[in-house]
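Structure first, then comments.
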Amino acid sequence: MIAALAAVGSGTTATAAPVEEMAARGPDTVSEGCGYLGWGKYRHCDGGTGSTVMVDVEDILGNLFRYCVGPGTTNLQPVIRWRVIGAWWNGGVGCIPGYYGTA
């Protein structure tokens, strides 16, 4: 709402929808970000499409695993035996969420 008022005062046009949308999501989703969050958690930001993506997950020993995640935050740690130290999207889309084994 404040952004819309500032834009009106500057002579440009804007809508308050993005600000209201961010407030509706809540503070934890706005501050978390997307991708690997640390502590074995990966957040897939899908923009409301419901898409799934394949991620490569690395453990502390350097082993790589494949894991399909849906929208939101997924805890990868319970499935991977050793401590997860990183995860990134490998380009795969449209998979069934879950563990897929070693890469």
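Order determines the names: the first chain of the structure tokens is A, the second B, and so forth; residues in each chain are numbered 1 upward, and ligands are numbered 1 upward as they are shown.
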
Hey, what's within 10 Å of A:Gly91 if we count only C-alpha atoms and toss same-chain stuff fewer than 3 positions away? As an MDAnalysis selection string, please?
chainID A and resid 53:56 88

Go through stretch 28-90 of chain A and flag each residue having an atom no more than 12 Å from stretch 95-100 of chain A; for those, report the closest pair of atoms plus their distance in Å to one decimal, using only C-alpha atoms, ordered by chain and rising number, as CSV.
residue,atom,partner,partner_atom,distance
A:His44,CA,A:Pro97,CA,11.6
A:Gly50,CA,A:Cys95,CA,11.5
A:Ser51,CA,A:Cys95,CA,8.6
A:Thr52,CA,A:Cys95,CA,5.9
A:Val53,CA,A:Cys95,CA,6.4
A:Met54,CA,A:Cys95,CA,6.8
A:Val55,CA,A:Tyr99,CA,9.9
A:Asp56,CA,A:Tyr100,CA,9.9
A:Val57,CA,A:Tyr99,CA,10.2
A:Leu64,CA,A:Tyr100,CA,10.9
A:Phe65,CA,A:Tyr100,CA,7.3
A:Arg66,CA,A:Tyr100,CA,5.1
A:Tyr67,CA,A:Tyr99,CA,4.5
A:Cys68,CA,A:Pro97,CA,4.5
A:Val69,CA,A:Pro97,CA,5.0
A:Gly70,CA,A:Pro97,CA,6.1
A:Pro71,CA,A:Pro97,CA,9.8
A:Gly72,CA,A:Pro97,CA,11.8
A:Thr74,CA,A:Gly98,CA,9.7
A:Asn75,CA,A:Gly98,CA,10.7
A:Leu76,CA,A:Tyr99,CA,8.6
A:Gln77,CA,A:Tyr99,CA,10.8
A:Pro78,CA,A:Tyr99,CA,10.4
A:Val79,CA,A:Tyr99,CA,7.3
A:Ile80,CA,A:Tyr99,CA,8.8

Keeping only C-alpha atoms, take the residues you just selected and write them out as a PDB file, in the first residue's frame.
ATOM      1  CA  HIS A  44      11.268 -24.516  -4.578  1.00  0.00           C
ATOM      2  CA  GLY A  50       2.506 -26.345  -8.885  1.00  0.00           C
ATOM      3  CA  SER A  51       5.578 -27.512 -10.801  1.00  0.00           C
ATOM      4  CA  THR A  52       8.117 -30.018  -9.526  1.00  0.00           C
ATOM      5  CA  VAL A  53      11.868 -29.892 -10.147  1.00  0.00           C
ATOM      6  CA  MET A  54      14.788 -32.298  -9.842  1.00  0.00           C
ATOM      7  CA  VAL A  55      17.654 -31.155  -7.618  1.00  0.00           C
ATOM      8  CA  ASP A  56      21.139 -32.526  -7.094  1.00  0.00           C
ATOM      9  CA  VAL A  57      21.972 -32.885  -3.408  1.00  0.00           C
ATOM     10  CA  LEU A  64      25.618 -36.558  -5.156  1.00  0.00           C
ATOM     11  CA  PHE A  65      21.994 -37.646  -4.983  1.00  0.00           C
ATOM     12  CA  ARG A  66      18.852 -36.796  -6.977  1.00  0.00           C
ATOM     13  CA  TYR A  67      15.740 -35.563  -5.222  1.00  0.00           C
ATOM     14  CA  CYS A  68      12.518 -34.269  -6.795  1.00  0.00           C
ATOM     15  CA  VAL A  69      10.830 -31.465  -4.867  1.00  0.00           C
ATOM     16  CA  GLY A  70       7.474 -29.761  -5.167  1.00  0.00           C
ATOM     17  CA  PRO A  71       6.540 -26.189  -4.267  1.00  0.00           C
ATOM     18  CA  GLY A  72       7.588 -24.971  -0.837  1.00  0.00           C
ATOM     19  CA  THR A  74      11.495 -29.804   1.519  1.00  0.00           C
ATOM     20  CA  ASN A  75      13.701 -31.332   4.211  1.00  0.00           C
ATOM     21  CA  LEU A  76      16.245 -33.452   2.312  1.00  0.00           C
ATOM     22  CA  GLN A  77      18.167 -34.601   5.375  1.00  0.00           C
ATOM     23  CA  PRO A  78      16.037 -37.535   6.612  1.00  0.00           C
ATOM     24  CA  VAL A  79      16.643 -39.489   3.382  1.00  0.00           C
ATOM     25  CA  ILE A  80      20.347 -38.723   2.812  1.00  0.00           C
TER      26      ILE A  80
END

Of the listed residues A:Trp82, A:Trp89, A:Thr49, A:Gly62, that which approaches A:Cys34 most closely, counting only C-alpha atoms:
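Nearest to A:Cys34: A:Trp89.
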
Near-A:Arg83 list (9 Å; only C-alpha atoms; drop same-chain fewer than 4 positions) as a JSON list (two decimals) with C-alpha atoms, in the first residue's frame:
[["chain", "number", "residue", "atom", "x", "y", "z"],
["A", 39, "TRP", "CA", 20.49, -27.43, 7.28],
["A", 40, "GLY", "CA", 19.31, -29.86, 4.60],
["A", 58, "GLU", "CA", 25.53, -33.10, -2.07],
["A", 59, "ASP", "CA", 26.47, -34.67, 1.26],
["A", 60, "ILE", "CA", 29.49, -33.91, 3.43],
["A", 61, "LEU", "CA", 31.48, -36.71, 1.75],
["A", 77, "GLN", "CA", 18.17, -34.60, 5.38]]

For the atom pair atom CA of A:Gly47 and atom CA of A:Thr102, what is the interatomic distance in Å to one decimal place?
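Calculated distance between atom CA of A:Gly47 and atom CA of A:Thr102 is 28.5 Å.
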
Just to confirm, what's the straight-line distance from atom CA of A:Asp46 to atom CA of A:Arg81 in Å (one decimal)?
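For atom CA of A:Asp46 relative to atom CA of A:Arg81, the distance reads 27.6 Å.
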
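Of note, atom CA of A:Glu32 and atom CA of A:Thr73 are spaced 9.4 Å apart.
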